[in-house]
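The structure file work38.cif is reproduced below (mmCIF, C-alpha atoms).
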data_data
#
loop_
_atom_site.label_atom_id
_atom_site.label_comp_id
_atom_site.auth_asym_id
_atom_site.auth_seq_id
_atom_site.Cartn_x
_atom_site.Cartn_y
_atom_site.Cartn_z
CA MET X 1 -10.34 35.45 -15.04
CA ARG X 2 -12.85 33.22 -16.85
CA THR X 3 -11.03 30.64 -18.93
CA ALA X 4 -13.78 28.25 -19.96
CA LYS X 5 -13.01 24.89 -21.51
CA LEU X 6 -9.34 25.43 -20.99
CA LEU X 7 -7.98 22.16 -22.31
CA ASP X 8 -10.66 21.84 -25.03
CA ALA X 9 -9.18 24.93 -26.65
CA LEU X 10 -5.80 23.22 -26.86
CA MET X 11 -6.54 19.66 -27.96
CA PRO X 12 -9.38 17.23 -28.77
CA ARG X 13 -11.03 15.39 -25.89
CA THR X 14 -9.65 11.97 -26.87
CA ARG X 15 -6.08 13.29 -26.80
CA GLN X 16 -6.71 14.83 -23.38
CA GLN X 17 -7.86 11.48 -22.04
CA VAL X 18 -4.91 9.61 -23.55
CA LEU X 19 -2.40 12.11 -22.19
CA GLY X 20 -4.13 12.24 -18.82
CA ALA X 21 -3.89 8.47 -18.42
CA LEU X 22 -0.36 7.99 -19.76
CA LEU X 23 1.49 11.10 -18.65
CA LEU X 24 0.20 11.05 -15.10
CA ARG X 25 1.16 7.40 -14.71
CA PRO X 26 4.54 7.61 -16.42
CA ASP X 27 5.71 4.39 -14.80
CA ARG X 28 2.98 2.34 -16.43
CA GLY X 29 2.72 1.03 -19.98
CA TRP X 30 -0.68 0.40 -21.58
CA PHE X 31 -1.61 -1.67 -24.59
CA GLY X 32 -4.22 -0.16 -26.87
CA ARG X 33 -7.23 -2.26 -25.99
CA GLU X 34 -6.54 -1.98 -22.26
CA LEU X 35 -6.28 1.81 -22.51
CA ALA X 36 -9.46 1.98 -24.58
CA ARG X 37 -11.31 0.04 -21.91
CA HIS X 38 -9.90 2.28 -19.14
CA LEU X 39 -11.00 5.42 -20.97
CA GLY X 40 -14.33 4.06 -22.26
CA LEU X 41 -13.31 4.63 -25.90
CA GLN X 42 -13.29 2.55 -29.07
CA PRO X 43 -9.82 1.03 -29.71
CA SER X 44 -9.93 2.27 -33.31
CA SER X 45 -10.35 5.90 -32.19
CA LEU X 46 -7.22 5.65 -30.06
CA GLN X 47 -4.82 4.44 -32.71
CA ARG X 48 -4.37 7.75 -34.53
CA GLU X 49 -3.79 9.61 -31.24
CA LEU X 50 -1.26 7.06 -30.00
CA ALA X 51 0.62 7.16 -33.31
CA ALA X 52 0.72 10.97 -33.40
CA LEU X 53 1.89 11.27 -29.80
CA THR X 54 4.59 8.64 -30.37
CA GLU X 55 5.73 10.39 -33.54
CA ALA X 56 5.98 13.66 -31.59
CA GLY X 57 8.21 12.06 -28.96
CA ILE X 58 5.71 12.37 -26.11
CA LEU X 59 5.10 8.61 -25.90
CA THR X 60 7.28 5.60 -26.50
CA GLN X 61 6.11 2.26 -27.78
CA ARG X 62 7.50 -1.22 -27.25
CA ARG X 63 6.34 -4.60 -28.44
CA GLU X 64 5.87 -7.51 -26.04
CA GLY X 65 4.63 -10.62 -27.77
CA LYS X 66 1.56 -9.63 -29.75
CA GLN X 67 0.92 -6.47 -27.73
CA VAL X 68 2.26 -2.97 -28.36
CA TYR X 69 2.65 -1.02 -25.14
CA TYR X 70 2.57 2.79 -24.96
CA GLN X 71 4.14 4.79 -22.18
CA ALA X 72 5.21 8.37 -21.42
CA ASP X 73 8.63 9.13 -22.88
CA PRO X 74 10.78 10.32 -19.96
CA SER X 75 13.12 12.12 -22.39
CA CYS X 76 10.32 14.33 -23.74
CA PRO X 77 11.58 17.88 -23.06
CA ILE X 78 8.14 19.20 -22.12
CA LEU X 79 6.95 16.20 -20.09
CA GLY X 80 6.90 18.11 -16.77
CA GLU X 81 4.95 21.00 -18.25
CA LEU X 82 2.41 18.68 -19.88
CA GLN X 83 1.96 16.77 -16.63
CA GLY X 84 1.35 20.01 -14.74
CA LEU X 85 -1.27 21.03 -17.29
CA LEU X 86 -3.03 17.66 -17.18
CA LEU X 87 -2.99 17.46 -13.41
CA LYS X 88 -5.11 20.58 -13.33
CA THR X 89 -7.55 19.22 -15.89
CA ALA X 90 -7.73 15.70 -17.33
CA GLY X 91 -5.58 14.20 -14.61
CA LEU X 92 -7.98 15.23 -11.92
CA VAL X 93 -9.69 11.92 -11.39
CA ASP X 94 -6.50 9.95 -10.96
CA VAL X 95 -5.20 12.43 -8.40
CA LEU X 96 -8.41 12.25 -6.38
CA ARG X 97 -8.44 8.46 -6.56
CA LYS X 98 -4.93 8.32 -5.18
CA HIS X 99 -5.73 10.55 -2.24
CA LEU X 100 -8.98 8.74 -1.45
CA LYS X 101 -7.33 5.32 -1.65
CA PRO X 102 -6.88 4.81 2.13
CA LEU X 103 -10.65 5.19 2.53
CA ALA X 104 -11.60 3.28 -0.62
CA PRO X 105 -13.04 0.20 1.19
CA ASP X 106 -15.57 2.43 2.94
CA ILE X 107 -16.57 4.39 -0.17
CA ALA X 108 -19.53 3.03 -2.12
CA CYS X 109 -19.34 5.66 -4.85
CA ALA X 110 -17.44 8.91 -5.44
CA PHE X 111 -17.61 11.30 -8.36
CA VAL X 112 -16.84 14.85 -9.42
CA TYR X 113 -19.82 16.96 -10.43
CA GLY X 114 -20.28 20.63 -11.18
CA SER X 115 -18.42 22.78 -13.68
CA VAL X 116 -15.36 20.56 -13.88
CA ALA X 117 -17.43 17.45 -14.70
CA ARG X 118 -19.51 19.46 -17.18
CA ALA X 119 -16.30 20.47 -18.97
CA GLU X 120 -17.18 24.08 -18.24
CA GLU X 121 -14.35 24.45 -15.82
CA LEU X 122 -12.80 27.80 -15.16
CA SER X 123 -9.11 28.02 -14.52
CA ASP X 124 -9.77 28.67 -10.85
CA SER X 125 -12.95 26.66 -10.30
CA ASP X 126 -13.26 24.38 -7.31
CA VAL X 127 -13.68 20.66 -7.67
CA ASP X 128 -17.02 19.45 -6.28
CA LEU X 129 -16.72 15.89 -5.00
CA PHE X 130 -19.78 13.81 -4.08
CA LEU X 131 -19.06 10.84 -1.89
CA ILE X 132 -21.43 8.10 -0.71
CA GLY X 133 -20.35 5.60 1.92
CA ASP X 134 -19.38 4.97 5.50
CA VAL X 135 -16.83 7.79 5.63
CA LYS X 136 -16.44 10.68 8.02
CA PRO X 137 -15.79 14.02 6.31
CA SER X 138 -13.04 14.73 8.85
CA ALA X 139 -11.17 11.63 7.65
CA LEU X 140 -11.07 13.12 4.15
CA ALA X 141 -9.66 16.51 5.08
CA ASN X 142 -5.92 15.92 4.98
CA GLY X 143 -5.97 13.77 1.83
CA LEU X 144 -8.19 16.24 0.00
CA GLU X 145 -6.01 19.13 1.09
CA GLN X 146 -3.01 17.36 -0.46
CA ALA X 147 -5.04 16.68 -3.62
CA SER X 148 -6.07 20.36 -3.70
CA GLN X 149 -2.43 21.40 -3.51
CA ARG X 150 -1.43 19.04 -6.27
CA LEU X 151 -4.28 20.15 -8.50
CA ALA X 152 -4.00 23.83 -7.60
CA ARG X 153 -7.77 23.72 -7.08
CA THR X 154 -9.81 23.46 -3.91
CA VAL X 155 -11.69 20.17 -3.55
CA ASN X 156 -15.05 20.51 -1.78
CA PRO X 157 -16.60 17.23 -0.63
CA THR X 158 -20.24 16.44 0.06
CA VAL X 159 -20.54 13.23 2.07
CA LEU X 160 -23.66 11.12 2.58
CA SER X 161 -24.14 7.66 4.02
CA SER X 162 -25.73 5.12 1.66
CA GLN X 163 -28.93 5.24 3.71
CA GLU X 164 -29.13 9.03 3.70
CA PHE X 165 -28.43 9.14 -0.03
CA ALA X 166 -31.26 6.68 -0.78
CA ARG X 167 -33.54 8.65 1.56
CA CYS X 168 -32.70 11.94 -0.23
CA VAL X 169 -33.47 10.34 -3.60
CA ARG X 170 -36.83 9.03 -2.35
CA ALA X 171 -37.66 12.43 -0.87
CA LYS X 172 -36.66 14.06 -4.19
CA ASP X 173 -34.10 16.28 -2.51
CA ARG X 174 -33.50 19.08 -4.98
CA PHE X 175 -29.75 19.24 -4.58
CA VAL X 176 -29.22 15.48 -4.79
CA LEU X 177 -31.47 15.10 -7.84
CA SER X 178 -29.74 17.98 -9.61
CA VAL X 179 -26.38 16.27 -9.01
CA LEU X 180 -27.72 12.94 -10.31
CA GLU X 181 -29.05 14.47 -13.50
CA ARG X 182 -25.78 16.11 -14.49
CA PRO X 183 -22.51 14.80 -15.94
CA LYS X 184 -20.08 13.15 -13.59
CA LEU X 185 -16.49 12.01 -13.53
CA PHE X 186 -16.41 8.81 -11.50
CA VAL X 187 -13.53 8.49 -9.06
CA GLN X 188 -14.83 5.30 -7.50
CA GLY X 189 -17.78 3.16 -8.57
CA SER X 190 -19.82 3.68 -11.72
CA SER X 191 -23.18 4.96 -12.92
CA HIS X 192 -24.51 1.43 -12.46
CA GLU X 193 -23.49 1.34 -8.77
CA LEU X 194 -24.84 4.83 -8.26
CA ASP X 195 -28.16 3.76 -9.72
CA GLU X 196 -28.25 0.81 -7.32
CA LEU X 197 -27.47 3.06 -4.34
CA ALA X 198 -30.28 5.35 -5.43
CA GLY X 199 -32.57 2.32 -5.25
CA GLY X 200 -33.80 2.94 -8.78
CA ALA X 201 -35.67 5.98 -7.46
CA ALA X 202 -33.39 8.49 -9.14
CA GLY X 203 -34.45 7.84 -12.69
CA ARG X 204 -31.42 7.74 -14.90
CA PRO X 205 -28.34 9.30 -13.29
CA GLY X 206 -26.10 11.47 -15.42
CA ARG X 207 -24.07 9.65 -18.02
CA ARG X 208 -20.60 8.50 -17.03
CA ARG X 209 -18.05 10.55 -18.89
CA SER X 210 -14.74 9.21 -17.83
CA SER X 211 -12.57 6.86 -15.80
CA MET L 1 1.92 30.30 7.41
CA SER L 2 3.98 31.83 10.23
CA TRP L 3 2.80 34.56 12.61
CA THR L 4 5.24 36.90 10.85
CA ASN L 5 3.60 36.26 7.48
CA LEU L 6 0.10 36.47 8.97
CA LEU L 7 1.01 39.85 10.45
CA ALA L 8 2.56 41.03 7.17
CA GLU L 9 -0.58 40.06 5.24
CA ARG L 10 -2.75 41.82 7.85
CA ARG L 11 -4.62 38.61 8.66
CA VAL L 12 -3.87 38.98 12.38
CA ALA L 13 -2.77 41.75 14.76
CA ARG L 14 -0.90 41.48 18.04
CA GLU L 15 -3.20 41.82 21.04
CA GLY L 16 -2.98 40.49 24.56
CA VAL L 17 -5.73 38.50 26.22
CA ASP L 18 -6.93 37.83 29.76
CA ARG L 19 -8.63 34.93 31.47
CA ALA L 20 -12.06 36.61 31.53
CA GLU L 21 -12.10 36.84 27.74
CA ILE L 22 -11.13 33.18 27.36
CA GLU L 23 -13.89 32.20 29.82
CA ARG L 24 -16.46 34.17 27.82
CA TYR L 25 -15.39 32.34 24.67
CA LEU L 26 -15.53 28.97 26.45
CA ALA L 27 -19.08 29.72 27.63
CA LEU L 28 -20.05 30.45 24.02
CA VAL L 29 -18.45 27.18 22.92
CA ALA L 30 -20.45 25.24 25.53
CA SER L 31 -23.67 26.91 24.41
CA ARG L 32 -23.08 26.20 20.70
CA LEU L 33 -22.09 22.59 21.40
CA ALA L 34 -25.34 22.13 23.32
CA ASP L 35 -27.26 23.59 20.35
CA ALA L 36 -25.46 21.28 17.93
CA ALA L 37 -26.49 18.26 20.01
CA LEU L 38 -30.22 19.02 19.73
CA GLU L 39 -31.76 16.10 17.84
CA GLY L 40 -34.72 18.19 16.74
CA LEU L 41 -32.59 20.63 14.78
CA SER L 42 -31.98 20.23 11.06
CA ALA L 43 -28.59 18.92 9.91
CA ASP L 44 -27.90 22.41 8.61
CA GLY L 45 -28.68 23.98 12.01
CA ARG L 46 -26.58 21.44 13.88
CA PHE L 47 -23.68 21.88 11.47
CA THR L 48 -23.78 25.67 11.86
CA ALA L 49 -23.81 25.44 15.66
CA ALA L 50 -20.94 22.93 15.74
CA TYR L 51 -19.00 25.07 13.28
CA ASP L 52 -19.47 28.15 15.49
CA ALA L 53 -18.18 26.17 18.48
CA ALA L 54 -15.12 24.92 16.60
CA ARG L 55 -14.34 28.34 15.13
CA THR L 56 -14.59 29.92 18.59
CA LEU L 57 -12.15 27.32 19.90
CA ALA L 58 -9.75 28.28 17.11
CA VAL L 59 -10.15 31.92 18.16
CA ILE L 60 -9.32 30.95 21.76
CA ALA L 61 -6.09 29.26 20.64
CA ILE L 62 -5.11 32.27 18.53
CA ARG L 63 -5.93 34.74 21.30
CA ALA L 64 -3.90 32.67 23.78
CA CYS L 65 -0.91 33.07 21.45
CA GLY L 66 -1.34 36.85 21.70
CA TYR L 67 -3.00 37.58 18.36
CA ARG L 68 -6.39 38.75 17.15
CA VAL L 69 -7.86 37.69 13.79
CA LEU L 70 -8.56 40.51 11.34
CA VAL L 71 -11.34 40.49 8.76
CA HIS L 72 -9.09 41.57 5.88
CA GLY L 73 -9.37 38.76 3.27
CA GLY L 74 -12.11 36.97 5.25
CA GLY L 75 -12.25 36.61 9.02
CA HIS L 76 -13.16 32.90 9.08
CA LYS L 77 -10.56 32.06 6.44
CA ASN L 78 -7.93 33.96 8.44
CA THR L 79 -8.95 32.12 11.59
CA PHE L 80 -8.07 28.73 10.14
CA LEU L 81 -4.91 30.03 8.46
CA ALA L 82 -3.80 31.38 11.84
CA LEU L 83 -4.79 28.15 13.60
CA ARG L 84 -2.01 26.40 11.66
CA ALA L 85 0.52 28.69 13.39
CA VAL L 86 -0.52 27.61 16.89
CA PRO L 87 2.47 25.70 18.29
CA ASP L 88 0.62 22.49 19.15
CA PRO L 89 0.11 19.74 16.54
CA ARG L 90 -3.18 18.49 18.02
CA VAL L 91 -4.68 21.98 18.00
CA ALA L 92 -3.19 23.14 14.69
CA GLY L 93 -3.92 19.74 13.12
CA GLU L 94 -7.65 20.49 12.98
CA ALA L 95 -7.16 23.41 10.57
CA ALA L 96 -7.55 21.41 7.33
CA PHE L 97 -10.88 19.88 8.38
CA LEU L 98 -12.25 23.10 9.85
CA ASP L 99 -11.35 25.01 6.70
CA GLN L 100 -13.19 22.32 4.71
CA CYS L 101 -16.20 23.00 6.96
CA ARG L 102 -15.84 26.75 6.41
CA ARG L 103 -16.15 26.24 2.65
CA LYS L 104 -19.10 23.89 3.17
CA ARG L 105 -20.84 26.51 5.30
CA ASN L 106 -20.21 29.14 2.60
CA GLU L 107 -21.63 26.84 -0.06
CA ALA L 108 -24.67 26.12 2.06
CA SER L 109 -25.19 29.84 2.58
CA TYR L 110 -24.77 30.99 -1.00
CA SER L 111 -25.15 28.20 -3.55
CA SER L 112 -25.93 24.53 -2.90
CA PRO L 113 -27.78 24.34 0.40
CA HIS L 114 -27.09 20.77 1.39
CA ILE L 115 -25.63 19.60 4.68
CA SER L 116 -25.95 15.88 5.33
CA ARG L 117 -26.57 14.26 8.70
CA VAL L 118 -23.15 12.59 8.67
CA GLU L 119 -21.48 15.95 8.01
CA ALA L 120 -23.27 17.57 10.97
CA GLU L 121 -22.60 14.68 13.36
CA ASP L 122 -18.95 14.38 12.37
CA LEU L 123 -18.34 18.10 12.89
CA LEU L 124 -19.99 17.94 16.32
CA GLU L 125 -17.80 14.99 17.31
CA LYS L 126 -14.68 16.77 16.08
CA ALA L 127 -15.67 20.01 17.84
CA ARG L 128 -15.99 18.11 21.13
CA GLU L 129 -12.53 16.57 20.62
CA PHE L 130 -11.17 19.99 19.67
CA LEU L 131 -12.48 21.44 22.94
CA LEU L 132 -10.50 18.84 24.90
CA SER L 133 -7.36 19.49 22.83
CA VAL L 134 -7.59 23.26 23.33
CA GLN L 135 -8.28 22.90 27.07
CA ASP L 136 -5.34 20.50 27.50
CA TRP L 137 -3.05 22.84 25.61
CA LEU L 138 -4.21 25.91 27.58
CA GLU L 139 -3.66 24.14 30.88
CA ARG L 140 -0.21 23.02 29.81
CA GLU L 141 1.07 26.14 28.03
CA HIS L 142 -1.11 28.99 29.28
CA PRO L 143 -2.36 28.04 32.76
CA GLU L 144 -2.72 31.75 33.60
CA LEU L 145 -5.67 31.76 31.17
CA THR L 146 -7.52 28.86 32.74
CA ALA L 147 -9.64 28.98 35.88
CA ARG L 148 -8.59 25.50 36.90
CA ASP L 149 -4.91 26.33 37.31
CA ARG L 150 -5.12 29.82 38.69
CA ALA L 151 -2.80 29.04 41.62
CA ASP L 152 -0.24 27.40 39.31
CA ALA L 153 -0.42 30.41 37.02
CA ALA L 154 0.33 32.77 39.87
CA THR L 155 3.33 30.65 40.84
CA LYS L 156 4.54 30.55 37.24
CA ALA L 157 4.25 34.34 36.92
CA GLU L 158 6.21 34.80 40.19
CA HIS L 159 9.05 32.68 38.81
CA GLY L 160 9.23 34.47 35.48
CA GLY L 161 7.20 31.92 33.50
CA ARG L 162 6.30 32.60 29.90
CA PRO L 163 3.50 35.20 29.65
CA ALA L 164 0.43 34.86 27.44
CA GLY L 165 0.93 36.11 23.92
CA VAL L 166 4.15 34.17 23.17
#
Taking this structure as input, can you express it in the form of structure tokens?
Amino acid sequence: MRTAKLLDALMPRTRQQVLGALLLRPDRGWFGRELARHLGLQPSSLQRELAALTEAGILTQRREGKQVYYQADPSCPILGELQGLLLKTAGLVDVLRKHLKPLAPDIACAFVYGSVARAEELSDSDVDLFLIGDVKPSALANGLEQASQRLARTVNPTVLSSQEFARCVRAKDRFVLSVLERPKLFVQGSSHELDELAGGAAGRPGRRRSS
Amino acid sequence: MSWTNLLAERRVAREGVDRAEIERYLALVASRLADAALEGLSADGRFTAAYDAARTLAVIAIRACGYRVLVHGGGHKNTFLALRAVPDPRVAGEAAFLDQCRRKRNEASYSSPHISRVEAEDLLEKAREFLLSVQDWLEREHPELTARDRADAATKAEHGGRPAGV
């Protein structure tokens, strides 16, 4: 069944990002400016969302000194359901990051591309993960299988060494260039680091959308 | 997934095996591993050859357990689902990675045709390790199916040892 832009139909993008960050890390409190930086948003645009979600009983707030911290409200009766929903959508990046963590020192850059990153995800679409670094694909398999189970989506990695990636960019490899030109959700690294890995030969990689 | 569930979902069928069949499969594995090691081949060609070798090794393990993979729902997919039911953690433990490679091969065939050098070399290395794991397991649990331990197998059969096919 095609269910395009699943979460977009339910709530605005900013609210998705706020819920994805807070509900999937229920043990962590965030103050507004810190959360804005994490999500790449203006602090002013967050305030209305944080207030509405607190009013609804989905978040709690507490004051510490001059800062107001926001956190998932564990007594929210639909917390589990919301978390399940977000894990399959906005919470994707955090889940992948967690399962890639043991290999993080060897990963130069990792991002999601394809329909999920383009926000054209289907309810059953796979997650396409592009990974550059000194990592063997076989070392990813068990972690990504666990991530796939948690997300209820298959995660398909493409792995290149830094040297091979730069070589593909120089040779104008069609697949690699098409990935670079399109939106991404960064799991590790940033568009700046990706540009450096490409050796400036890629032109301008796709704009960073999240994380 | 257990053998019972695999049978119920028609992903495998019960079928005995003999040593000659296993030897034919092992010869195919050796040939595909040699192909995958050819430096002149493209990464895509090397990956495909190494994948064929690894998948054939999975088939050997499944056949040694007394089952045959069916094509219902996808023969390659069923192969790696059934591999998880093989009662040896080293052999069954390769299923997650090999299924990842199966999806990569499908992608390369139908949508985004990109196999990197590191992906091809890693699969070849893992296929070589998988060969050793499968051979060790066969010699330990199914010596009647290996040429090396033919005499042991005969002795085991005489004393009521466990037959092939679990």
Separation of CA of Arg153 (chain X) and CA of Val127 (chain X), in Å?
6.7 Å
Which residues match the PyMOL selection byres ((chain L) within 6 of (chain X)) in the file above, as a list in words?
Ala96, Phe97 and Ser116 of chain L
Val29 (chain L) proximity check over L:Glu141, L:Glu107, L:Asp52, L:Glu129, using only C-alpha atoms: winner is L:Asp52
Selection under test: the PyMOL selection byres ((chain X and resi 57) around 10); residues as a list in words:
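Applied to this file, the PyMOL selection byres ((chain X and resi 57) around 10) returns Ala52, Leu53, Thr54, Glu55, Ala56, Ile58, Leu59, Thr60, Ala72, Asp73, Pro74, Ser75, Cys76, Pro77, Ile78 and Leu79 of chain X.
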Quote the spacing between CA of Arg63 (chain L) and CA of Arg24 (chain L) in Å to one decimal place.
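So the two atoms, CA of Arg63 (chain L) and CA of Arg24 (chain L), lie 12.4 Å apart.
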Can you spell out as a count of residues only the set of residues that the PyMOL selection byres ((chain L and resi 82-84) around 10) selects in the structure I just provided?
36
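Every protein, DNA or RNA residue with an atom at most 9 Å from Gly16 (chain L), where all atoms listed in the file count and chain neighbours fewer than 2 positions away do not, is listed here: Arg14, Asp18, Arg63, Ala64, Cys65, Gly66, Tyr67, Arg68, Ala164 and Gly165 of chain L.
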Mind pulling up the distance from CA of Gly45 (chain L) to CA of Ser109 (chain L)?
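Interatomic distance, CA of Ser109 (chain L) to CA of Gly45 (chain L): 11.6 Å.
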Determine the nearest neighbour of Ala8 (chain L) from the options L:Gln100, L:Leu70, L:Asp136, L:Leu124, counting all atoms listed in the file.
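Once distances to Ala8 (chain L) are computed over all atoms listed in the file, the minimum belongs to L:Leu70.
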From (-16.6, 11.6, -8.7), in the file's coordinates, out to 6 Å: which residues are reached, counting all atoms listed in the file? Answer as a ChimeraX atom specification.
/X:110-112,129,185-187
Restricting it to C-alpha atoms, dump the selection as an mmCIF file, keeping the file's coordinate frame.
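Saved result, part14.cif, follows:
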data_model
loop_
_atom_site.group_PDB
_atom_site.id
_atom_site.type_symbol
_atom_site.label_atom_id
_atom_site.label_comp_id
_atom_site.auth_asym_id
_atom_site.auth_seq_id
_atom_site.Cartn_x
_atom_site.Cartn_y
_atom_site.Cartn_z
ATOM 1 C CA ALA X 110 -17.440 8.910 -5.440
ATOM 2 C CA PHE X 111 -17.610 11.300 -8.360
ATOM 3 C CA VAL X 112 -16.840 14.850 -9.420
ATOM 4 C CA LEU X 129 -16.720 15.890 -5.000
ATOM 5 C CA LEU X 185 -16.490 12.010 -13.530
ATOM 6 C CA PHE X 186 -16.410 8.810 -11.500
ATOM 7 C CA VAL X 187 -13.530 8.490 -9.060
#
Spatial neighbours of Leu197 (chain X), 9 Å, only C-alpha atoms, chain gap at least 4 places, as a ChimeraX atom specification:
/X:108-109,132,162-163,165-166,192-193
